[in-house]
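Asks: Dropping a structure here in structure tokens format, bear with me for questions.
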Amino acid sequence: MTGRTGLVSLSTSTGCLAMFPGQGSQRPGMARHLLDAYPSARRLFARADEILGLPLSRICVTGSAEELGATEITQPAIATTSLAVWELLQAAGYRPAATAGHSLGEYPALVAAGVLSLESALELVRLRGRLMGEVAREVPGAMAAVLGLPSDQVLAACGSAEGVGLVQVANYNEPLQTVISGHVRAVEEAGRAALDAGADRVVPLDVSAPFHCSLMSAVEEEFTEALAAHPFADPVLPMISSVTGTYVSSGEEARELLRRQLTGPVRWVEVLRTAARHPVSAYTEIGPGRVLSGLARRTLEEARTRSTGDPRRLTALYGALASDTWQEQVAS
């Protein structure tokens with residue numbers, strides 16, 4: 001993975017994929033352990049507060065679930081928390097082979113890969129959240145996770161609901177977990193069809209907008225203009241796109257993929273399989289929650305995962321880095 005884009009060789013890295021979580025991983029107090037213990041995290045949050053004109057430092061420590069759940073707040077809050085963890089791990093010597101982000105998580109992943117600056121990523125994330133919130137207010141929509149059914153059968157269930165409204169696959173999360181998105185009645189109808197086809201469960205998601213479907217095309221033009229106003233550099237660390245499931249070759253490609261991400265599905269299964277075809281055997285979730293760790297274990301039989309969303313897990317990873325046992329754990 002070297003050449004005109006300046007990508008770091010996978011063969012000389014630690015064999016670990018750095019994974020950045022998306023919306024849904026937030027929780028009240030999710031950055032308390034960072035801001036209480038680490039001056040670098042306090043500095044990064046102070047910069048984010050200034051860039052966005054938002055009290056993220058307070059919201060991510062004492063904000064309520066309702067306050068944190070507003071899309072225009074959730075997205076920069078998760079991105080900032082994830083980047084605070086990334087800075088800490090980098091300072092401790094963490095060097096992954098590649099990086100990837102699930103939906104919103106693609107923005108901190110682009111910062112980690114050297115494609116976007118912190119300022120550009122946070123400004124784009126806040127606009128993305130605001131625009132998605134506008135779609136939710138103007139076009140009532142829904143999302144649901146279909147469990148226990150292969151994705152091709154979920155696609156067929158969506159097709160059977162075409163007469164009711166728009167419903168499309170939004171996330172290929174794992175082989176037997178696929179998220180659908182669209183008009184409320186169409187999502188409900190597709191969910192019933194999935195159950196009839198043998199799905200174990202259909203779980204409505206507590207989200208404020210129908211993400212990753214054609215309903216988001218209403219804000220695509222405004223967001224494309226914003227993307228054009230920010231510089232995108234070529235990646236200096238290999239990055240796997242959640243839009244294609246393949247490596248990003250240039251800054252311009254990254255810009256185009258963020259545009260496509262608004263209305264296209266998240267291909268997380270392909271992200272993980274692409275990583276596994278290269279010297280990647282360990283998977284680190286950088287930021288709040290443990291959602292991506294679970295998806296990795298259920299998609300790749302041999303995957304070894306670590307998460308960083310609470311003091312105990314973050315401290316354990318720090319200890320491994322400090323004692324020089326991280327390379328041994330990845331290689332074993």
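Within each chain, counting starts at residue 1; across the structure tokens, chains are named A, B, ... in the order shown, with ligands numbered 1 upward in that order.
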Residues at most 12 Å from Glu188 in chain A, counting only C-alpha atoms, excluding those fewer than 2 positions away in the same chain, as a CSV table (one decimal) with N, CA, C and O atoms, in the first residue's frame?
Replies:
```
chain,number,residue,atom,x,y,z
A,141,GLY,N,-39.5,9.5,9.0
A,141,GLY,CA,-38.9,8.2,8.6
A,141,GLY,C,-38.6,7.3,9.8
A,141,GLY,O,-38.8,7.7,10.9
A,142,ALA,N,-38.1,6.2,9.5
A,142,ALA,CA,-37.8,5.2,10.5
A,142,ALA,C,-36.6,4.3,10.1
A,142,ALA,O,-36.3,4.3,8.9
A,143,MET,N,-36.0,3.6,11.1
A,143,MET,CA,-35.0,2.6,10.8
A,143,MET,C,-35.3,1.4,11.7
A,143,MET,O,-35.8,1.6,12.8
A,144,ALA,N,-34.9,0.3,11.2
A,144,ALA,CA,-35.1,-0.9,12.0
A,144,ALA,C,-33.9,-1.9,11.7
A,144,ALA,O,-33.5,-2.0,10.5
A,145,ALA,N,-33.5,-2.7,12.7
A,145,ALA,CA,-32.5,-3.7,12.5
A,145,ALA,C,-33.2,-5.1,12.3
A,145,ALA,O,-34.0,-5.5,13.1
A,146,VAL,N,-32.8,-5.7,11.2
A,146,VAL,CA,-33.4,-7.1,11.0
A,146,VAL,C,-32.3,-8.1,11.4
A,146,VAL,O,-31.2,-8.1,10.9
A,157,ALA,N,-37.2,-8.3,1.1
A,157,ALA,CA,-38.2,-7.8,1.9
A,157,ALA,C,-38.5,-6.3,1.7
A,157,ALA,O,-39.6,-5.9,1.6
A,158,CYS,N,-37.4,-5.6,1.4
A,158,CYS,CA,-37.6,-4.2,1.1
A,158,CYS,C,-38.3,-4.0,-0.2
A,158,CYS,O,-39.2,-3.2,-0.4
A,160,SER,N,-40.5,-6.0,-1.5
A,160,SER,CA,-41.9,-6.3,-1.3
A,160,SER,C,-42.7,-5.2,-0.8
A,160,SER,O,-44.0,-5.2,-0.8
A,161,ALA,N,-42.0,-4.1,-0.2
A,161,ALA,CA,-42.8,-3.0,0.4
A,161,ALA,C,-42.8,-1.8,-0.5
A,161,ALA,O,-43.2,-0.7,0.0
A,162,GLU,N,-42.4,-1.9,-1.7
A,162,GLU,CA,-42.2,-0.8,-2.6
A,162,GLU,C,-43.6,0.0,-2.8
A,162,GLU,O,-43.6,1.2,-3.0
A,164,VAL,N,-45.8,0.6,-0.7
A,164,VAL,CA,-46.1,1.4,0.5
A,164,VAL,C,-45.3,2.7,0.7
A,164,VAL,O,-45.8,3.7,1.1
A,165,GLY,N,-44.1,2.6,0.2
A,165,GLY,CA,-43.2,3.8,0.3
A,165,GLY,C,-41.8,3.4,0.1
A,165,GLY,O,-41.5,2.2,-0.4
A,166,LEU,N,-40.9,4.2,0.3
A,166,LEU,CA,-39.4,4.0,0.1
A,166,LEU,C,-38.8,3.3,1.3
A,166,LEU,O,-39.0,3.8,2.5
A,167,VAL,N,-38.2,2.2,1.1
A,167,VAL,CA,-37.4,1.5,2.2
A,167,VAL,C,-36.2,0.8,1.5
A,167,VAL,O,-36.3,0.2,0.5
A,168,GLN,N,-35.0,1.1,2.1
A,168,GLN,CA,-33.8,0.6,1.5
A,168,GLN,C,-32.9,0.0,2.6
A,168,GLN,O,-33.0,0.4,3.8
A,180,ILE,N,-32.5,-1.4,7.9
A,180,ILE,CA,-33.3,-0.8,6.9
A,180,ILE,C,-33.8,0.6,7.2
A,180,ILE,O,-33.9,0.9,8.4
A,181,SER,N,-34.0,1.4,6.2
A,181,SER,CA,-34.3,2.8,6.5
A,181,SER,C,-35.3,3.3,5.4
A,181,SER,O,-35.2,2.9,4.2
A,182,GLY,N,-36.2,4.2,5.8
A,182,GLY,CA,-37.1,4.8,4.8
A,182,GLY,C,-38.3,5.4,5.5
A,182,GLY,O,-38.4,5.8,6.6
A,183,HIS,N,-39.4,5.4,4.7
A,183,HIS,CA,-40.7,5.9,5.2
A,183,HIS,C,-41.2,5.0,6.3
A,183,HIS,O,-41.0,3.7,6.2
A,184,VAL,N,-41.9,5.5,7.3
A,184,VAL,CA,-42.3,4.7,8.4
A,184,VAL,C,-43.1,3.5,8.0
A,184,VAL,O,-42.8,2.4,8.4
A,185,ARG,N,-44.2,3.7,7.2
A,185,ARG,CA,-45.0,2.5,6.9
A,185,ARG,C,-44.2,1.5,6.0
A,185,ARG,O,-44.5,0.3,6.2
A,186,ALA,N,-43.4,2.0,5.2
A,186,ALA,CA,-42.6,1.0,4.3
A,186,ALA,C,-41.6,0.2,5.2
A,186,ALA,O,-41.4,-1.0,4.9
A,190,ALA,N,-41.7,-3.8,5.4
A,190,ALA,CA,-40.5,-4.6,5.1
A,190,ALA,C,-40.1,-5.5,6.3
A,190,ALA,O,-39.7,-6.6,6.2
A,191,GLY,N,-40.3,-4.9,7.5
A,191,GLY,CA,-40.0,-5.7,8.7
A,191,GLY,C,-41.0,-6.9,8.8
A,191,GLY,O,-40.5,-8.0,9.2
A,192,ARG,N,-42.2,-6.7,8.5
A,192,ARG,CA,-43.2,-7.9,8.6
A,192,ARG,C,-42.8,-8.9,7.5
A,192,ARG,O,-42.8,-10.1,7.8
A,193,ALA,N,-42.4,-8.4,6.3
A,193,ALA,CA,-42.0,-9.4,5.3
A,193,ALA,C,-40.7,-10.1,5.7
A,193,ALA,O,-40.6,-11.3,5.4
A,194,ALA,N,-39.8,-9.5,6.4
A,194,ALA,CA,-38.6,-10.1,6.9
A,194,ALA,C,-38.9,-11.2,7.9
A,194,ALA,O,-38.3,-12.3,7.9
A,195,LEU,N,-39.8,-10.9,8.8
A,195,LEU,CA,-40.2,-11.9,9.8
A,195,LEU,C,-40.9,-13.1,9.1
A,195,LEU,O,-40.6,-14.2,9.5
A,202,VAL,N,-37.1,-8.1,14.4
A,202,VAL,CA,-37.0,-6.8,13.8
A,202,VAL,C,-37.1,-5.7,14.9
A,202,VAL,O,-38.1,-5.6,15.5
A,203,VAL,N,-36.0,-5.0,15.1
A,203,VAL,CA,-35.9,-4.1,16.2
A,203,VAL,C,-35.9,-2.6,15.7
A,203,VAL,O,-35.0,-2.2,15.0
A,204,PRO,N,-37.0,-1.9,16.0
A,204,PRO,CA,-37.0,-0.5,15.6
A,204,PRO,C,-35.9,0.3,16.3
A,204,PRO,O,-35.6,0.0,17.5
A,205,LEU,N,-35.2,1.2,15.6
A,205,LEU,CA,-34.1,1.9,16.1
A,205,LEU,C,-34.6,3.3,16.6
A,205,LEU,O,-35.4,3.9,16.0
```
Asks: Looking only at helix (DSSP H, G or I) from DSSP on the backbone, list the matching residues of range 5-115 of chain A as a VMD selection string.
Replies: chain A and resid 10 to 12 32 to 37 39 to 52 56 to 62 65 to 69 71 to 91 103 to 112
Asks: Can you build me a table of range 78-163 of chain A residues sitting at most 8 Å from range 211-216 of chain A, with the closest atom pair per residue and its distance in Å to one decimal, using only C-alpha atoms, sorted by chain and residue number, as a Markdown table?
Replies:
```
| residue | atom | partner | partner_atom | distance |
| --- | --- | --- | --- | --- |
| A:Met132 | CA | A:Met216 | CA | 7.2 |
| A:Val135 | CA | A:Met216 | CA | 6.8 |
| A:Val139 | CA | A:Leu215 | CA | 7.8 |
| A:Met143 | CA | A:Phe211 | CA | 7.7 |
```
Asks: Using C-alpha atoms, can you export the residues from the last selection as a PDB file, in the first residue's frame?
Replies:
```
ATOM      1  CA  MET A 132     -30.057  15.153   8.769  1.00  0.00           C
ATOM      2  CA  VAL A 135     -34.800  15.783   6.861  1.00  0.00           C
ATOM      3  CA  VAL A 139     -39.983  13.702   6.046  1.00  0.00           C
ATOM      4  CA  MET A 143     -35.009   2.638  10.768  1.00  0.00           C
TER       5      MET A 143
END
```
Asks: Quick one: residues within 9 Å of range 258-266 of chain A, only C-alpha atoms counted, chain neighbours fewer than 4 positions away excluded, as a tab-separated table (two decimals) with N, CA, C and O atoms, in the first residue's frame?
Replies:
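File written: result_21.tsv
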```
chain	number	residue	atom	x	y	z
A	102	HIS	N	-17.52	3.74	11.06
A	102	HIS	CA	-18.89	3.33	10.74
A	102	HIS	C	-19.75	4.58	10.61
A	102	HIS	O	-20.04	5.26	11.58
A	103	SER	N	-20.13	4.92	9.36
A	103	SER	CA	-20.99	6.08	9.09
A	103	SER	C	-20.34	7.35	9.63
A	103	SER	O	-19.29	7.77	9.15
A	106	GLU	N	-16.60	7.68	10.10
A	106	GLU	CA	-15.67	7.89	8.99
A	106	GLU	C	-14.96	9.25	9.12
A	106	GLU	O	-13.83	9.40	8.64
A	107	TYR	N	-15.57	10.21	9.78
A	107	TYR	CA	-14.95	11.54	9.91
A	107	TYR	C	-13.74	11.50	10.85
A	107	TYR	O	-12.66	11.96	10.47
A	128	ARG	N	-23.57	18.10	8.88
A	128	ARG	CA	-24.21	16.83	8.56
A	128	ARG	C	-25.34	16.52	9.53
A	128	ARG	O	-26.43	16.13	9.14
A	132	MET	N	-29.32	16.39	8.53
A	132	MET	CA	-30.06	15.15	8.77
A	132	MET	C	-31.25	15.41	9.68
A	132	MET	O	-32.33	14.84	9.48
A	168	GLN	N	-35.03	1.05	2.11
A	168	GLN	CA	-33.78	0.56	1.54
A	168	GLN	C	-32.87	0.04	2.64
A	168	GLN	O	-33.04	0.39	3.82
A	169	VAL	N	-31.90	-0.77	2.26
A	169	VAL	CA	-30.89	-1.22	3.22
A	169	VAL	C	-29.98	-0.04	3.54
A	169	VAL	O	-29.46	0.63	2.64
A	170	ALA	N	-29.79	0.22	4.83
A	170	ALA	CA	-28.95	1.33	5.28
A	170	ALA	C	-27.61	0.86	5.80
A	170	ALA	O	-26.59	1.53	5.61
A	171	ASN	N	-27.57	-0.29	6.48
A	171	ASN	CA	-26.33	-0.79	7.08
A	171	ASN	C	-26.24	-2.29	6.89
A	171	ASN	O	-27.15	-3.03	7.31
A	172	TYR	N	-25.14	-2.75	6.30
A	172	TYR	CA	-24.77	-4.16	6.34
A	172	TYR	C	-23.82	-4.33	7.52
A	172	TYR	O	-22.60	-4.25	7.36
A	173	ASN	N	-24.36	-4.55	8.71
A	173	ASN	CA	-23.55	-4.51	9.92
A	173	ASN	C	-22.79	-5.80	10.18
A	173	ASN	O	-21.65	-5.79	10.64
A	211	PHE	N	-31.51	7.54	8.10
A	211	PHE	CA	-30.16	7.67	7.59
A	211	PHE	C	-29.88	6.70	6.45
A	211	PHE	O	-30.48	5.64	6.35
A	212	HIS	N	-28.92	7.06	5.61
A	212	HIS	CA	-28.37	6.19	4.58
A	212	HIS	C	-29.43	5.61	3.64
A	212	HIS	O	-29.41	4.41	3.33
A	213	CYS	N	-30.34	6.46	3.20
A	213	CYS	CA	-31.28	6.06	2.17
A	213	CYS	C	-31.56	7.27	1.28
A	213	CYS	O	-31.09	8.38	1.55
A	214	SER	N	-32.32	7.07	0.23
A	214	SER	CA	-32.54	8.12	-0.77
A	214	SER	C	-33.25	9.34	-0.22
A	214	SER	O	-33.21	10.41	-0.83
A	215	LEU	N	-33.92	9.21	0.93
A	215	LEU	CA	-34.59	10.37	1.52
A	215	LEU	C	-33.59	11.46	1.89
A	215	LEU	O	-33.95	12.63	1.99
A	216	MET	N	-32.34	11.09	2.08
A	216	MET	CA	-31.31	12.07	2.42
A	216	MET	C	-30.84	12.89	1.22
A	216	MET	O	-30.07	13.85	1.37
A	217	SER	N	-31.30	12.54	0.03
A	217	SER	CA	-30.88	13.28	-1.16
A	217	SER	C	-31.35	14.73	-1.12
A	217	SER	O	-30.80	15.59	-1.82
A	219	VAL	N	-30.78	16.88	1.04
A	219	VAL	CA	-29.74	17.78	1.58
A	219	VAL	C	-28.39	17.53	0.92
A	219	VAL	O	-27.38	18.12	1.33
A	220	GLU	N	-28.36	16.69	-0.09
A	220	GLU	CA	-27.09	16.32	-0.71
A	220	GLU	C	-26.39	17.50	-1.36
A	220	GLU	O	-25.17	17.66	-1.25
A	221	GLU	N	-27.15	18.38	-2.02
A	221	GLU	CA	-26.53	19.50	-2.72
A	221	GLU	C	-25.83	20.45	-1.75
A	221	GLU	O	-24.68	20.85	-1.98
A	223	PHE	N	-24.74	19.80	1.24
A	223	PHE	CA	-23.59	19.16	1.87
A	223	PHE	C	-22.43	19.03	0.89
A	223	PHE	O	-21.26	19.18	1.27
A	224	THR	N	-22.72	18.79	-0.38
A	224	THR	CA	-21.67	18.71	-1.40
A	224	THR	C	-20.93	20.03	-1.51
A	224	THR	O	-19.70	20.06	-1.65
A	227	LEU	N	-18.56	20.23	1.40
A	227	LEU	CA	-17.40	19.37	1.19
A	227	LEU	C	-16.36	20.04	0.29
A	227	LEU	O	-15.16	19.94	0.52
A	241	SER	N	-12.99	2.54	3.33
A	241	SER	CA	-14.24	3.29	3.27
A	241	SER	C	-15.43	2.41	3.62
A	241	SER	O	-15.55	1.28	3.15
A	242	SER	N	-16.35	2.95	4.43
A	242	SER	CA	-17.57	2.21	4.73
A	242	SER	C	-18.58	2.29	3.60
A	242	SER	O	-19.59	1.58	3.60
A	243	VAL	N	-18.33	3.14	2.61
A	243	VAL	CA	-19.22	3.26	1.45
A	243	VAL	C	-18.95	2.14	0.45
A	243	VAL	O	-19.88	1.57	-0.14
A	244	THR	N	-17.67	1.81	0.26
A	244	THR	CA	-17.28	0.81	-0.74
A	244	THR	C	-16.75	-0.47	-0.12
A	244	THR	O	-16.74	-1.51	-0.78
A	245	GLY	N	-16.27	-0.41	1.11
A	245	GLY	CA	-15.62	-1.56	1.71
A	245	GLY	C	-14.22	-1.78	1.18
A	245	GLY	O	-13.63	-2.84	1.42
A	253	GLU	N	-11.01	11.19	-3.65
A	253	GLU	CA	-11.94	10.07	-3.53
A	253	GLU	C	-12.65	10.11	-2.18
A	253	GLU	O	-13.86	9.83	-2.09
A	254	ALA	N	-11.93	10.46	-1.12
A	254	ALA	CA	-12.54	10.55	0.20
A	254	ALA	C	-13.66	11.58	0.22
A	254	ALA	O	-14.72	11.36	0.82
```
Asks: Find, counting only C-alpha atoms, the residue in A:Thr299, A:Ser120, A:Thr71, A:Gln90 that gets nearest to Trp268 in chain A.
Replies: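 Comparing A:Thr299, A:Ser120, A:Thr71, A:Gln90 against Trp268 in chain A, the winner is A:Thr299.
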Asks: Report, in Å with one decimal, the straight-line distance from CA of Ser293 in chain A to CA of Arg306 in chain A.
Replies: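 Interatomic distance, CA of Ser293 in chain A to CA of Arg306 in chain A: 6.9 Å.
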Asks: Using CA of Ala48 in chain A and CA of Ala112 in chain A as the two end points, give the distance in Å to one decimal.
Replies: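 Pair CA of Ala48 in chain A / CA of Ala112 in chain A returns 15.9 Å.
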